[in-house]
$ cat final-v5.csv   # CSV, C-alpha atoms
chain,number,residue,atom,x,y,z
A,14,MET,CA,8.9,42.6,-38.9
A,15,SER,CA,5.9,40.9,-40.8
A,16,ALA,CA,3.3,38.7,-39.1
A,17,LEU,CA,4.6,35.8,-41.2
A,18,ASP,CA,8.2,36.1,-40.2
A,19,PRO,CA,9.8,32.6,-40.5
A,20,ALA,CA,12.1,33.2,-37.5
A,21,GLN,CA,9.1,34.0,-35.3
A,22,PHE,CA,7.3,30.9,-36.5
A,23,ALA,CA,10.4,28.7,-35.9
A,24,ASP,CA,10.7,30.1,-32.3
A,25,ARG,CA,7.1,29.4,-31.6
A,26,ALA,CA,7.3,25.9,-33.0
A,27,ALA,CA,10.4,25.2,-30.9
A,28,ARG,CA,8.6,26.4,-27.7
A,29,ARG,CA,5.6,24.3,-28.6
A,30,ALA,CA,7.8,21.2,-29.1
A,31,ARG,CA,9.5,21.8,-25.8
A,32,LEU,CA,6.1,22.1,-24.1
A,33,PHE,CA,4.9,18.8,-25.6
A,34,THR,CA,8.1,17.1,-24.6
A,35,ARG,CA,7.6,18.1,-21.0
A,36,ILE,CA,4.0,16.9,-21.1
A,37,ASN,CA,5.1,13.5,-22.5
A,38,LYS,CA,7.7,13.2,-19.8
A,39,LEU,CA,5.1,13.9,-17.1
A,40,ASP,CA,2.7,11.4,-18.7
A,41,GLY,CA,4.6,8.4,-17.2
A,42,TRP,CA,4.1,9.8,-13.7
A,43,PHE,CA,0.5,10.7,-14.3
A,44,GLN,CA,-0.1,7.0,-15.3
A,45,VAL,CA,1.7,5.8,-12.2
A,46,LEU,CA,-0.4,8.1,-10.0
A,47,GLY,CA,-3.6,7.0,-11.7
A,48,LEU,CA,-4.0,10.5,-13.2
A,49,SER,CA,-3.7,9.6,-16.9
A,50,PHE,CA,-6.5,12.0,-17.8
A,51,VAL,CA,-4.2,15.0,-17.0
A,52,THR,CA,-2.1,14.4,-20.1
A,53,PRO,CA,-4.9,15.0,-22.7
A,54,LEU,CA,-6.1,17.9,-20.6
A,55,LEU,CA,-2.7,19.5,-20.7
A,56,ARG,CA,-2.5,18.8,-24.4
A,57,ALA,CA,-5.9,20.4,-25.1
A,58,LEU,CA,-4.8,23.5,-23.1
A,59,ALA,CA,-1.7,23.6,-25.2
A,60,GLY,CA,-3.7,23.6,-28.4
A,61,ASP,CA,-3.1,20.0,-29.6
A,62,ASN,CA,-6.4,19.1,-31.4
A,63,PRO,CA,-8.7,20.0,-28.5
A,64,ALA,CA,-11.6,18.0,-29.9
A,65,ALA,CA,-9.6,14.8,-30.1
A,66,GLN,CA,-8.1,15.4,-26.6
A,67,MET,CA,-11.6,15.9,-25.2
A,68,LYS,CA,-12.5,12.4,-26.3
A,69,HIS,CA,-9.6,11.1,-24.4
A,70,ILE,CA,-10.6,13.1,-21.3
A,71,TRP,CA,-14.1,11.8,-21.5
A,72,ARG,CA,-12.8,8.2,-21.7
A,73,LEU,CA,-10.2,8.5,-19.0
A,74,LEU,CA,-12.1,10.8,-16.6
A,75,GLY,CA,-15.7,11.3,-17.7
A,76,VAL,CA,-16.6,7.6,-18.0
A,77,PRO,CA,-15.1,6.6,-14.6
A,78,LEU,CA,-16.9,9.6,-12.9
A,79,LEU,CA,-20.1,8.6,-14.5
A,80,ALA,CA,-19.7,5.0,-13.4
A,81,ILE,CA,-19.0,6.1,-9.8
A,82,ALA,CA,-22.1,8.4,-9.9
A,83,LEU,CA,-24.3,5.5,-11.1
A,84,PHE,CA,-22.8,3.2,-8.4
A,85,LEU,CA,-23.7,5.8,-5.7
A,86,MET,CA,-27.2,6.2,-7.1
A,87,LEU,CA,-27.8,2.5,-7.2
A,88,TRP,CA,-26.4,2.2,-3.7
A,89,ALA,CA,-28.5,5.0,-2.3
A,90,THR,CA,-31.6,3.5,-3.9
A,91,LEU,CA,-31.2,-0.2,-3.1
A,92,ALA,CA,-29.5,0.0,0.3
A,93,PRO,CA,-32.6,1.1,2.4
A,94,ARG,CA,-34.5,-1.9,1.0
A,95,VAL,CA,-32.1,-4.4,2.6
A,96,VAL,CA,-32.9,-4.7,6.3
A,97,THR,CA,-30.6,-6.6,8.6
A,98,SER,CA,-30.6,-7.3,12.4
A,99,LEU,CA,-28.8,-4.0,12.8
A,100,GLY,CA,-31.2,-2.1,10.6
A,101,ALA,CA,-31.2,-1.1,7.0
A,102,ILE,CA,-28.0,-1.1,5.0
A,103,PRO,CA,-26.6,2.4,5.2
A,104,GLY,CA,-26.4,4.6,2.1
A,105,PRO,CA,-23.6,6.9,1.0
A,106,ALA,CA,-24.9,9.8,3.1
A,107,GLN,CA,-24.8,7.6,6.3
A,108,VAL,CA,-21.4,6.2,5.5
A,109,TRP,CA,-20.0,9.7,4.9
A,110,GLU,CA,-21.5,10.9,8.2
A,111,GLN,CA,-19.8,8.1,10.1
A,112,ALA,CA,-16.5,8.9,8.4
A,113,GLN,CA,-16.9,12.5,9.7
A,114,VAL,CA,-17.7,11.1,13.2
A,115,LEU,CA,-14.6,8.9,13.2
A,116,HIS,CA,-12.5,11.9,12.2
A,117,ALA,CA,-14.1,14.0,15.0
A,118,ASP,CA,-13.4,11.2,17.5
A,119,HIS,CA,-9.8,11.2,16.4
A,120,VAL,CA,-9.5,15.0,16.9
A,121,ALA,CA,-11.1,14.8,20.3
A,122,GLU,CA,-8.9,12.0,21.4
A,123,ARG,CA,-5.7,13.8,20.3
A,124,SER,CA,-6.9,16.8,22.2
A,125,LYS,CA,-7.3,14.7,25.3
A,126,ALA,CA,-3.8,13.3,24.8
A,127,ALA,CA,-2.3,16.8,24.5
A,128,GLU,CA,-4.1,18.0,27.6
A,129,PHE,CA,-2.9,14.9,29.5
A,130,GLN,CA,0.7,15.6,28.4
A,131,LEU,CA,0.4,19.3,29.4
A,132,ARG,CA,-0.9,18.4,32.9
A,133,GLN,CA,1.9,15.9,33.3
A,134,ASP,CA,4.5,18.4,32.3
A,135,GLU,CA,3.1,21.0,34.7
A,136,ARG,CA,3.0,18.5,37.6
A,137,ASN,CA,6.6,17.4,36.9
A,138,ALA,CA,7.8,21.0,36.7
A,139,GLU,CA,6.2,21.7,40.0
A,140,LEU,CA,7.9,18.7,41.6
A,141,VAL,CA,11.3,19.7,40.2
A,142,ALA,CA,10.8,23.3,41.5
A,143,ALA,CA,9.9,21.9,44.9
A,144,GLY,CA,13.1,19.8,45.0
A,145,GLN,CA,11.3,16.5,44.6
A,146,ALA,CA,12.8,15.5,41.2
A,147,ASP,CA,12.8,11.9,42.4
A,148,ARG,CA,9.0,11.8,42.2
A,149,VAL,CA,8.9,12.9,38.6
A,150,ARG,CA,7.2,10.3,36.4
A,151,GLU,CA,6.6,10.1,32.7
A,152,ARG,CA,3.5,8.1,31.7
A,153,SER,CA,2.0,7.5,28.3
A,154,TYR,CA,-1.5,8.4,27.5
A,155,THR,CA,-3.6,5.3,27.6
A,156,GLY,CA,-6.8,6.4,25.8
A,157,SER,CA,-8.5,4.1,23.3
A,158,PRO,CA,-6.8,4.0,19.8
A,159,THR,CA,-8.5,6.2,17.2
A,160,TYR,CA,-9.5,5.1,13.7
A,161,TYR,CA,-6.5,6.7,12.2
A,162,ALA,CA,-4.2,5.1,14.8
A,163,GLN,CA,-5.6,1.7,13.8
A,164,ILE,CA,-5.0,2.4,10.2
A,165,TRP,CA,-1.4,3.3,10.9
A,166,THR,CA,-1.0,0.1,12.9
A,167,SER,CA,-2.2,-2.0,10.0
A,168,VAL,CA,0.0,-0.2,7.5
A,169,GLN,CA,3.1,-0.6,9.8
A,170,THR,CA,2.3,-4.3,10.2
A,171,VAL,CA,1.8,-5.1,6.5
A,172,PHE,CA,5.0,-3.3,5.5
A,173,PHE,CA,7.0,-5.2,8.2
A,174,GLY,CA,5.6,-8.6,7.1
A,175,PHE,CA,6.1,-7.6,3.4
A,176,LEU,CA,9.7,-6.6,4.0
A,177,ILE,CA,10.4,-10.0,5.7
A,178,ALA,CA,8.7,-11.8,2.9
A,179,THR,CA,10.8,-9.9,0.3
A,180,ALA,CA,14.0,-10.6,2.1
A,181,ILE,CA,13.2,-14.3,2.0
A,182,ALA,CA,11.5,-14.6,-1.4
A,183,VAL,CA,14.0,-12.7,-3.6
A,184,PRO,CA,17.1,-14.6,-2.7
A,185,LEU,CA,15.3,-17.9,-2.9
A,186,GLY,CA,13.8,-16.9,-6.3
A,187,ILE,CA,17.2,-16.0,-7.7
A,188,LEU,CA,18.6,-19.3,-6.5
A,189,ALA,CA,15.7,-21.2,-8.0
A,190,GLY,CA,16.0,-19.3,-11.3
A,191,LEU,CA,19.7,-19.9,-11.6
A,192,SER,CA,19.8,-23.5,-10.4
A,193,PRO,CA,17.5,-26.2,-11.8
A,194,THR,CA,18.4,-28.3,-8.8
A,195,ALA,CA,17.3,-25.6,-6.4
A,196,ASN,CA,14.1,-25.1,-8.4
A,197,ALA,CA,13.3,-28.8,-8.2
A,198,ALA,CA,13.8,-28.7,-4.5
A,199,LEU,CA,11.7,-25.5,-3.9
A,200,ASN,CA,8.9,-26.2,-6.3
A,201,PRO,CA,7.1,-28.9,-4.2
A,202,LEU,CA,7.2,-26.7,-1.1
A,203,ILE,CA,5.8,-23.7,-3.1
A,204,GLN,CA,3.0,-25.8,-4.5
A,205,ILE,CA,2.1,-27.2,-1.0
A,206,PHE,CA,2.2,-24.0,1.0
A,207,LYS,CA,1.1,-21.4,-1.5
A,208,PRO,CA,-2.6,-22.2,-1.3
A,209,VAL,CA,-2.7,-22.3,2.6
A,210,SER,CA,-5.1,-19.8,4.0
A,211,PRO,CA,-4.0,-17.3,6.6
A,212,LEU,CA,-6.7,-18.7,8.9
A,213,ALA,CA,-4.7,-21.9,8.9
A,214,TRP,CA,-1.4,-20.2,9.6
A,215,LEU,CA,-2.6,-17.9,12.3
A,216,PRO,CA,-3.1,-20.5,15.1
A,217,ILE,CA,0.4,-22.0,14.4
A,218,VAL,CA,2.1,-18.6,14.3
A,219,THR,CA,0.3,-17.5,17.5
A,220,MET,CA,1.5,-20.5,19.4
A,221,VAL,CA,5.1,-20.3,18.0
A,222,VAL,CA,5.4,-16.5,18.8
A,223,SER,CA,4.0,-17.1,22.4
A,224,ALA,CA,6.5,-19.9,22.9
A,225,VAL,CA,9.6,-18.2,21.5
A,226,TYR,CA,9.0,-14.5,22.1
A,227,VAL,CA,8.7,-14.6,25.9
A,228,THR,CA,10.0,-11.2,26.8
A,229,GLN,CA,7.5,-8.6,28.1
A,230,ASP,CA,9.5,-5.5,27.2
A,231,GLY,CA,10.6,-6.3,23.7
A,232,VAL,CA,10.6,-3.8,20.8
A,233,PHE,CA,7.5,-5.5,19.2
A,234,SER,CA,4.3,-6.7,20.8
A,235,LYS,CA,3.3,-10.3,20.4
A,236,SER,CA,0.1,-9.3,18.5
A,237,PHE,CA,2.2,-7.3,16.1
A,238,LEU,CA,4.6,-10.1,15.4
A,239,THR,CA,1.8,-12.6,15.0
A,240,SER,CA,0.0,-10.5,12.3
A,241,ALA,CA,3.3,-9.6,10.6
A,242,ILE,CA,4.6,-13.2,10.4
A,243,THR,CA,1.2,-14.4,9.1
A,244,VAL,CA,1.4,-11.8,6.4
A,245,THR,CA,4.9,-13.0,5.6
A,246,LEU,CA,3.9,-16.6,5.2
A,247,CYS,CA,1.0,-15.8,2.9
A,248,SER,CA,2.6,-13.0,0.8
A,249,LEU,CA,6.1,-14.3,-0.1
A,250,TRP,CA,4.9,-16.8,-2.8
A,251,PRO,CA,4.1,-14.4,-5.6
A,252,THR,CA,7.5,-12.7,-5.3
A,253,LEU,CA,9.3,-16.0,-5.1
A,254,ILE,CA,7.6,-17.4,-8.2
A,255,ASN,CA,7.9,-14.2,-10.3
A,256,THR,CA,11.6,-13.8,-9.2
A,257,SER,CA,12.4,-17.3,-10.2
A,258,LEU,CA,10.5,-16.9,-13.5
A,259,GLY,CA,12.3,-13.6,-14.2
A,260,VAL,CA,15.7,-15.0,-13.5
A,261,ALA,CA,15.2,-18.2,-15.5
A,262,SER,CA,13.9,-16.3,-18.5
A,263,ILE,CA,16.8,-13.9,-19.0
A,264,ASP,CA,18.7,-13.9,-22.2
A,265,ARG,CA,21.0,-16.9,-22.3
A,266,ASP,CA,23.6,-14.9,-24.2
A,267,LEU,CA,24.0,-12.7,-21.1
A,268,ILE,CA,24.9,-15.8,-19.0
A,269,SER,CA,27.3,-16.9,-21.7
A,270,VAL,CA,29.0,-13.4,-21.6
A,271,SER,CA,29.3,-13.7,-17.8
A,272,ARG,CA,31.1,-17.0,-18.2
A,273,VAL,CA,33.4,-15.6,-20.9
A,274,LEU,CA,34.2,-12.6,-18.7
A,275,GLN,CA,34.6,-14.9,-15.7
A,276,LEU,CA,32.4,-12.8,-13.5
A,277,ASN,CA,32.0,-13.9,-9.9
A,278,THR,CA,28.6,-14.9,-8.6
A,279,TRP,CA,27.8,-11.6,-6.9
A,280,THR,CA,28.8,-9.5,-9.9
A,281,LYS,CA,26.7,-11.7,-12.2
A,282,ILE,CA,23.7,-11.4,-10.0
A,283,THR,CA,23.9,-7.6,-9.5
A,284,ARG,CA,25.0,-6.6,-13.0
A,285,LEU,CA,23.2,-9.1,-15.2
A,286,VAL,CA,20.5,-11.1,-13.4
A,287,LEU,CA,18.7,-8.5,-11.3
A,288,PRO,CA,18.5,-5.8,-14.0
A,289,SER,CA,17.0,-8.3,-16.5
A,290,ALA,CA,14.6,-9.8,-13.9
A,291,LEU,CA,13.5,-6.6,-12.2
A,292,PRO,CA,10.2,-6.1,-14.1
A,293,LEU,CA,8.9,-9.5,-13.1
A,294,ILE,CA,10.3,-9.2,-9.6
A,295,PHE,CA,8.3,-5.9,-9.2
A,296,THR,CA,5.3,-7.6,-10.5
A,297,GLY,CA,5.7,-10.2,-7.8
A,298,LEU,CA,6.2,-7.6,-5.2
A,299,ARG,CA,3.0,-5.8,-6.2
A,300,LEU,CA,1.1,-9.0,-6.0
A,301,SER,CA,2.7,-9.9,-2.7
A,302,LEU,CA,1.8,-6.5,-1.1
A,303,GLY,CA,-1.8,-6.8,-2.3
A,304,VAL,CA,-2.0,-10.3,-0.8
A,305,GLY,CA,-0.4,-9.2,2.4
A,306,TRP,CA,-2.9,-6.4,2.8
A,307,MET,CA,-5.8,-8.7,2.4
A,308,VAL,CA,-4.3,-11.3,4.7
A,309,LEU,CA,-3.6,-8.8,7.4
A,310,ILE,CA,-7.2,-7.7,7.7
A,311,ALA,CA,-8.3,-11.3,8.1
A,312,ALA,CA,-5.5,-12.0,10.6
A,313,GLU,CA,-6.4,-8.9,12.7
A,314,MET,CA,-10.0,-9.8,12.7
A,315,LEU,CA,-9.6,-13.4,13.7
A,316,ALA,CA,-6.8,-12.9,16.3
A,317,GLN,CA,-8.2,-9.6,17.6
A,318,ASN,CA,-4.9,-7.9,17.0
A,319,PRO,CA,-4.9,-4.1,16.8
A,320,GLY,CA,-5.7,-2.6,13.4
A,321,LEU,CA,-8.5,-2.2,10.9
A,322,GLY,CA,-9.5,-5.9,11.1
A,323,LYS,CA,-10.1,-5.6,14.8
A,324,PHE,CA,-12.0,-2.4,14.2
A,325,ILE,CA,-14.4,-4.1,11.8
A,326,TRP,CA,-14.9,-7.1,14.2
A,327,ASP,CA,-15.5,-4.8,17.2
A,328,GLU,CA,-18.1,-2.8,15.3
A,329,PHE,CA,-19.8,-6.0,14.2
A,330,GLN,CA,-19.9,-7.2,17.8
A,331,ASN,CA,-21.0,-3.8,19.0
A,332,GLY,CA,-24.3,-4.0,17.1
A,333,SER,CA,-25.2,-0.4,17.3
A,334,SER,CA,-27.2,1.5,14.7
A,335,SER,CA,-24.0,3.1,13.3
A,336,SER,CA,-22.0,-0.1,13.2
A,337,LEU,CA,-22.8,-1.1,9.6
A,338,ALA,CA,-21.9,2.4,8.4
A,339,ARG,CA,-18.6,2.3,10.3
A,340,ILE,CA,-17.8,-1.1,8.8
A,341,MET,CA,-18.5,0.3,5.3
A,342,VAL,CA,-16.1,3.2,6.1
A,343,ALA,CA,-13.5,0.6,6.9
A,344,VAL,CA,-14.2,-1.3,3.7
A,345,PHE,CA,-13.6,1.8,1.6
A,346,THR,CA,-10.6,2.7,3.6
A,347,ILE,CA,-9.1,-0.8,3.0
A,348,GLY,CA,-9.7,-0.5,-0.7
A,349,ILE,CA,-8.3,3.0,-1.0
A,350,ILE,CA,-5.1,2.0,1.0
A,351,GLY,CA,-4.8,-1.1,-1.2
A,352,PHE,CA,-4.9,1.2,-4.3
A,353,ILE,CA,-2.3,3.5,-2.8
A,354,LEU,CA,0.0,0.7,-1.9
A,355,ASP,CA,-0.2,-0.7,-5.5
A,356,ARG,CA,0.5,2.8,-6.9
A,357,LEU,CA,3.5,3.1,-4.6
A,358,MET,CA,5.0,-0.2,-5.8
A,359,PHE,CA,4.2,0.8,-9.4
A,360,ALA,CA,6.1,4.1,-8.8
A,361,LEU,CA,9.1,2.2,-7.5
A,362,GLN,CA,8.9,-0.2,-10.5
A,363,SER,CA,9.0,2.8,-12.8
A,364,LEU,CA,12.0,4.3,-11.0
A,365,PHE,CA,14.1,1.1,-11.1
A,366,THR,CA,13.1,-0.5,-14.4
A,367,PHE,CA,13.3,0.7,-18.0
A,368,SER,CA,9.9,-0.8,-18.8
A,369,ASN,CA,7.0,-2.3,-17.0
A,370,ASN,CA,6.9,-5.3,-19.3
A,371,ARG,CA,9.7,-7.7,-20.2

$ encode --input "final-v5.csv" --output "structure tokens"
Amino acid sequence: MSALDPAQFADRAARRARLFTRINKLDGWFQVLGLSFVTPLLRALAGDNPAAQMKHIWRLLGVPLLAIALFLMLWATLAPRVVTSLGAIPGPAQVWEQAQVLHADHVAERSKAAEFQLRQDERNAELVAAGQADRVRERSYTGSPTYYAQIWTSVQTVFFGFLIATAIAVPLGILAGLSPTANAALNPLIQIFKPVSPLAWLPIVTMVVSAVYVTQDGVFSKSFLTSAITVTLCSLWPTLINTSLGVASIDRDLISVSRVLQLNTWTKITRLVLPSALPLIFTGLRLSLGVGWMVLIAAEMLAQNPGLGKFIWDEFQNGSSSSLARIMVAVFTIGIIGFILDRLMFALQSLFTFSNNR
């Protein structure tokens, strides 16, 4: 067989085409995850014009890394020159050090909790062996919440409030989009309540929850409900507006077809309205989740409810030499979690819609 065998070249070309097809399919997910630089890297490794692909890699990866490096250099250079009542602004090294300290505190606290549970299990086992099963008690570990525990509390709270907001905003948005009368009724309320700050809602929500939720052994704590409902009241508007806009702007021919086919309301909404409006609905959901995350931190800080907001306020009140660095750790944590939440919603949008734009 010669080196220029056409069959061999055809087979190689087919394998190359399949490889690039796989890379193109993965590209959508790389963009969702914020890893768009991986696509040109894979293309370069596959032999697709490496020089051109390196330009894409530099733009998608090299330039952002260079910008981050410049930011860290400026931060490290300028931070020591700004002196506050708590000392100089911490640089990257001090912030990283406190991040490690917070992680170590979490590990130590979990170790204490495990030891507490082990001692309790041993004590209860001894009581059972001695025939005193009626004296067995199960108590929860009451140590102080760790940094990771406060992060988890905030994430749970924002998702709870966001889900309530979605359950309210999407149906109302569909109603406003389908009915000009409903839109006329809802529009003044949207315009009035959409600009209201969470700091204005929080006292009202606190008083209402305290008056209505009087049980002491409920599933949710009052502080959790207060923060979650505040998130709901501030985050439902982007979803409501975008859902209404998406439903109102669907192709009128689809509505005419639904009338010709005499589809009932539920079928029309699920088969025609929602699929057409989903891109804008998901845009509203992404905006709402971002708003909810920002609102939650402010609500936790003001109301002293458990979570990252309370952590920041406690560190500010603490006034120790490490407080500023810990606050900056929390700031970066809030930003990273916000980015992850947005990527999560973008991934869901990619799964349930054919395109990200109408």

$ closest_atom_pairs --input "final-v5.csv" --of "stretch 116-186 of chain A" --to "stretch 301-325 of chain A" --cutoff "10 Å" --atoms "all atoms listed in the file" --output "JSON lines"
{"residue": "A:Pro158", "atom": "CA", "partner": "A:Pro319", "partner_atom": "CA", "distance": 8.8}
{"residue": "A:Thr159", "atom": "CA", "partner": "A:Phe324", "partner_atom": "CA", "distance": 9.8}
{"residue": "A:Tyr160", "atom": "CA", "partner": "A:Leu321", "partner_atom": "CA", "distance": 7.9}
{"residue": "A:Tyr161", "atom": "CA", "partner": "A:Leu321", "partner_atom": "CA", "distance": 9.2}
{"residue": "A:Ala162", "atom": "CA", "partner": "A:Gly320", "partner_atom": "CA", "distance": 8.0}
{"residue": "A:Gln163", "atom": "CA", "partner": "A:Gly320", "partner_atom": "CA", "distance": 4.3}
{"residue": "A:Ile164", "atom": "CA", "partner": "A:Leu321", "partner_atom": "CA", "distance": 5.8}
{"residue": "A:Trp165", "atom": "CA", "partner": "A:Gly320", "partner_atom": "CA", "distance": 7.7}
{"residue": "A:Thr166", "atom": "CA", "partner": "A:Gly320", "partner_atom": "CA", "distance": 5.4}
{"residue": "A:Ser167", "atom": "CA", "partner": "A:Gly320", "partner_atom": "CA", "distance": 4.9}
{"residue": "A:Val168", "atom": "CA", "partner": "A:Trp306", "partner_atom": "CA", "distance": 8.3}
{"residue": "A:Gln169", "atom": "CA", "partner": "A:Gly320", "partner_atom": "CA", "distance": 9.7}
{"residue": "A:Thr170", "atom": "CA", "partner": "A:Leu309", "partner_atom": "CA", "distance": 7.9}
{"residue": "A:Val171", "atom": "CA", "partner": "A:Trp306", "partner_atom": "CA", "distance": 6.1}
{"residue": "A:Phe172", "atom": "CA", "partner": "A:Leu302", "partner_atom": "CA", "distance": 8.0}
{"residue": "A:Gly174", "atom": "CA", "partner": "A:Gly305", "partner_atom": "CA", "distance": 7.6}
{"residue": "A:Phe175", "atom": "CA", "partner": "A:Leu302", "partner_atom": "CA", "distance": 6.3}
{"residue": "A:Leu176", "atom": "CA", "partner": "A:Leu302", "partner_atom": "CA", "distance": 9.4}
{"residue": "A:Ala178", "atom": "CA", "partner": "A:Ser301", "partner_atom": "CA", "distance": 8.4}
{"residue": "A:Thr179", "atom": "CA", "partner": "A:Ser301", "partner_atom": "CA", "distance": 8.6}

$ residues_near_point --input "final-v5.csv" --point "(13.6, -8.1, -3.3)" --cutoff "10 Å" --atoms "only C-alpha atoms" --output "mmCIF file with C-alpha atoms, in the coordinates of the input"
data_model
loop_
_atom_site.group_PDB
_atom_site.id
_atom_site.type_symbol
_atom_site.label_atom_id
_atom_site.label_comp_id
_atom_site.auth_asym_id
_atom_site.auth_seq_id
_atom_site.Cartn_x
_atom_site.Cartn_y
_atom_site.Cartn_z
ATOM 1 C CA LEU A 176 9.700 -6.600 4.000
ATOM 2 C CA ILE A 177 10.400 -10.000 5.700
ATOM 3 C CA ALA A 178 8.700 -11.800 2.900
ATOM 4 C CA THR A 179 10.800 -9.900 0.300
ATOM 5 C CA ALA A 180 14.000 -10.600 2.100
ATOM 6 C CA ILE A 181 13.200 -14.300 2.000
ATOM 7 C CA ALA A 182 11.500 -14.600 -1.400
ATOM 8 C CA VAL A 183 14.000 -12.700 -3.600
ATOM 9 C CA PRO A 184 17.100 -14.600 -2.700
ATOM 10 C CA LEU A 185 15.300 -17.900 -2.900
ATOM 11 C CA GLY A 186 13.800 -16.900 -6.300
ATOM 12 C CA ILE A 187 17.200 -16.000 -7.700
ATOM 13 C CA THR A 252 7.500 -12.700 -5.300
ATOM 14 C CA LEU A 253 9.300 -16.000 -5.100
ATOM 15 C CA THR A 256 11.600 -13.800 -9.200
ATOM 16 C CA LEU A 287 18.700 -8.500 -11.300
ATOM 17 C CA LEU A 291 13.500 -6.600 -12.200
ATOM 18 C CA ILE A 294 10.300 -9.200 -9.600
ATOM 19 C CA PHE A 295 8.300 -5.900 -9.200
ATOM 20 C CA GLY A 297 5.700 -10.200 -7.800
ATOM 21 C CA LEU A 298 6.200 -7.600 -5.200
#

$ atom_distance --input "final-v5.csv" --atom1 "atom CA of A:Ser336" --atom2 "atom CA of A:Trp88"
17.6 Å

$ atom_distance --input "final-v5.csv" --atom1 "atom CA of A:Leu285" --atom2 "atom CA of A:Ile268"
7.9 Å

$ residues_around --input "final-v5.csv" --residues "A:Val114" --least-positions-apart "6" --cutoff "10 Å" --atoms "all atoms listed in the file" --output "VMD selection string"
chain A and resid 108 120 339

$ decode --input "final-v5.csv" --residues "stretch 238-243 of chain A" --atoms "all heavy atoms" --output "PDB file, in the first residue's frame"
ATOM      1  N   LEU A 238     -36.961  32.795  57.194  1.00  0.00           N
ATOM      2  CA  LEU A 238     -38.120  33.256  56.438  1.00  0.00           C
ATOM      3  C   LEU A 238     -38.038  34.749  56.140  1.00  0.00           C
ATOM      4  O   LEU A 238     -38.398  35.194  55.044  1.00  0.00           O
ATOM      5  CB  LEU A 238     -39.402  32.944  57.203  1.00  0.00           C
ATOM      6  CG  LEU A 238     -39.840  31.476  57.237  1.00  0.00           C
ATOM      7  CD1 LEU A 238     -41.087  31.322  58.087  1.00  0.00           C
ATOM      8  CD2 LEU A 238     -40.089  30.952  55.830  1.00  0.00           C
ATOM      9  N   THR A 239     -37.552  35.523  57.094  1.00  0.00           N
ATOM     10  CA  THR A 239     -37.438  36.967  56.888  1.00  0.00           C
ATOM     11  C   THR A 239     -36.509  37.272  55.721  1.00  0.00           C
ATOM     12  O   THR A 239     -36.840  38.062  54.821  1.00  0.00           O
ATOM     13  CB  THR A 239     -36.927  37.649  58.163  1.00  0.00           C
ATOM     14  OG1 THR A 239     -37.851  37.420  59.235  1.00  0.00           O
ATOM     15  CG2 THR A 239     -36.754  39.142  57.949  1.00  0.00           C
ATOM     16  N   SER A 240     -35.345  36.638  55.706  1.00  0.00           N
ATOM     17  CA  SER A 240     -34.389  36.865  54.621  1.00  0.00           C
ATOM     18  C   SER A 240     -34.932  36.361  53.295  1.00  0.00           C
ATOM     19  O   SER A 240     -34.819  37.031  52.257  1.00  0.00           O
ATOM     20  CB  SER A 240     -33.058  36.172  54.941  1.00  0.00           C
ATOM     21  OG  SER A 240     -32.462  36.703  56.093  1.00  0.00           O
ATOM     22  N   ALA A 241     -35.538  35.160  53.301  1.00  0.00           N
ATOM     23  CA  ALA A 241     -36.028  34.560  52.056  1.00  0.00           C
ATOM     24  C   ALA A 241     -37.158  35.384  51.449  1.00  0.00           C
ATOM     25  O   ALA A 241     -37.203  35.592  50.228  1.00  0.00           O
ATOM     26  CB  ALA A 241     -36.489  33.132  52.316  1.00  0.00           C
ATOM     27  N   ILE A 242     -38.094  35.851  52.277  1.00  0.00           N
ATOM     28  CA  ILE A 242     -39.218  36.637  51.754  1.00  0.00           C
ATOM     29  C   ILE A 242     -38.742  37.987  51.239  1.00  0.00           C
ATOM     30  O   ILE A 242     -39.254  38.499  50.228  1.00  0.00           O
ATOM     31  CB  ILE A 242     -40.302  36.802  52.842  1.00  0.00           C
ATOM     32  CG1 ILE A 242     -40.913  35.431  53.174  1.00  0.00           C
ATOM     33  CG2 ILE A 242     -41.381  37.763  52.389  1.00  0.00           C
ATOM     34  CD1 ILE A 242     -41.876  35.451  54.335  1.00  0.00           C
ATOM     35  N   THR A 243     -37.751  38.577  51.905  1.00  0.00           N
ATOM     36  CA  THR A 243     -37.175  39.826  51.397  1.00  0.00           C
ATOM     37  C   THR A 243     -36.546  39.605  50.025  1.00  0.00           C
ATOM     38  O   THR A 243     -36.694  40.428  49.119  1.00  0.00           O
ATOM     39  CB  THR A 243     -36.116  40.360  52.383  1.00  0.00           C
ATOM     40  OG1 THR A 243     -36.704  40.528  53.677  1.00  0.00           O
ATOM     41  CG2 THR A 243     -35.569  41.695  51.910  1.00  0.00           C
TER      42      THR A 243
END
